Amino acid sequence: KDGAYYAALYLEWVISHKRKVKDLYDKNLNVQIAVDLGMNDTNVILPFQTYKKQFRVLGQFEDSGQKISYYTDWIKCQPWFKNLTHVILPHDAEVKELTSGKKRSEVFEEELAFDNDGNPTNEGIEQVRQRISDLWIDETADYIEYCFLNYKKEWDEKRDKWRDKPEHNEASNGGDAIRYMAVGADRGESMIRKGTTALQSHGSSYSHNRGGFDV
């Protein structure tokens with residue numbers, strides 16, 4: 001598709017190689033989630049696993065107009081929650097919720113470890129492009145598949161050319177979550193190999209174990 005970042009690679013590697021499969025979750029592997037938080041927009045949670053070089057997208061959850069606790073409650077009800085070791089949040093997770101006065105990251109911090117996305121947008125997009133050849137996706141992840149196929153550059157009408165930034169459309173939120181997945185996964189796996197997942201915020205360092213937080 002014109003201006004699409006991932007569509008051709010997704011069709012080549014995922015569809016052609018029949019990597020869209022049923023029941024992809026493996027209870028023997030750790031789970032990470034990438035989260036895109038919109039202030040007045042769709043929030044997207046993208047759970048995934050890695051195995052060797054593979055990225056395995058397990059599904060997605062999307063909604064809008066809800067408190068952050070609504071999304072963390074959904075996370076805790078999932079069959080993979082007991083395997084969750086890493087939560088990747090965007091840089092704007094430091095924005096405060098008007099209703100609670102808490103930062104969005106603080107709501108996650110109460111129960112879940114997280115990392116902030118620190119990579120520029122275009123660098124993150126390139127990381128996704130480089131890893132699509134290792135991508136597998138669950139049949140239930142229909143919105144994430146839509147985003148792989150429709151996340152694209154913005155068109156500049158005046159200059160009659162593509163701008164070097166993503167268009168804000170229905171694929172934007174999921175597309176951002178995909179980017180956070182690619183950017184944050186390596187760091188999450190390095191933490192997992194050490195047996196803990198770091199929580200970093202304003203210079204503080206914590207560890208997240210299944211029994212709770214250790215400071």
# chains A, B, ... in the order shown; residues from 1 in each chain; ligands from 1
$ residues_around --residues "region 60-77 of chain A" --least-positions-apart "2" --cutoff "8 Å" --atoms "only C-alpha atoms" --output "VMD selection string"
chain A and resid 40 to 47 58 79 81 104 107 to 108 140 to 141 143 to 144
$ write_last_selection --atoms "C-alpha atoms" --output "PDB file, in the first residue's frame"
ATOM      1  CA  ASN A  40      -8.617  11.205  24.320  1.00  0.00           C
ATOM      2  CA  ASP A  41      -7.881   8.304  22.058  1.00  0.00           C
ATOM      3  CA  THR A  42      -7.811   4.535  21.834  1.00  0.00           C
ATOM      4  CA  ASN A  43      -5.582   2.743  24.345  1.00  0.00           C
ATOM      5  CA  VAL A  44      -3.973  -0.453  23.068  1.00  0.00           C
ATOM      6  CA  ILE A  45      -2.367  -3.329  24.972  1.00  0.00           C
ATOM      7  CA  LEU A  46      -0.235  -5.703  22.907  1.00  0.00           C
ATOM      8  CA  PRO A  47       0.898  -8.889  24.727  1.00  0.00           C
ATOM      9  CA  LEU A  58      -0.632 -13.073  21.378  1.00  0.00           C
ATOM     10  CA  PRO A  79      -4.222 -16.479  31.456  1.00  0.00           C
ATOM     11  CA  PHE A  81      -0.602 -12.766  33.647  1.00  0.00           C
ATOM     12  CA  ARG A 104      -0.481   7.007  34.315  1.00  0.00           C
ATOM     13  CA  VAL A 107      -1.037   3.452  38.218  1.00  0.00           C
ATOM     14  CA  PHE A 108       0.934   0.727  36.415  1.00  0.00           C
ATOM     15  CA  THR A 140      -7.227 -13.202  17.510  1.00  0.00           C
ATOM     16  CA  ALA A 141      -4.908 -10.210  16.915  1.00  0.00           C
ATOM     17  CA  TYR A 143      -6.577  -5.155  15.044  1.00  0.00           C
ATOM     18  CA  ILE A 144      -2.788  -5.542  15.293  1.00  0.00           C
TER      19      ILE A 144
END
$ closest_residue --among "A:Ala34, A:Cys147, A:Leu29, A:Val183" --to "Glu170 (chain A)" --atoms "only C-alpha atoms"
A:Cys147
$ residues_around --residues "Gly175 (chain A)" --least-positions-apart "4" --cutoff "7 Å" --atoms "only C-alpha atoms" --output "VMD selection string"
chain A and resid 147 to 148 151 171 179
$ atom_distance --atom1 "CA of Leu37 (chain A)" --atom2 "CA of Glu106 (chain A)"
13.4 Å
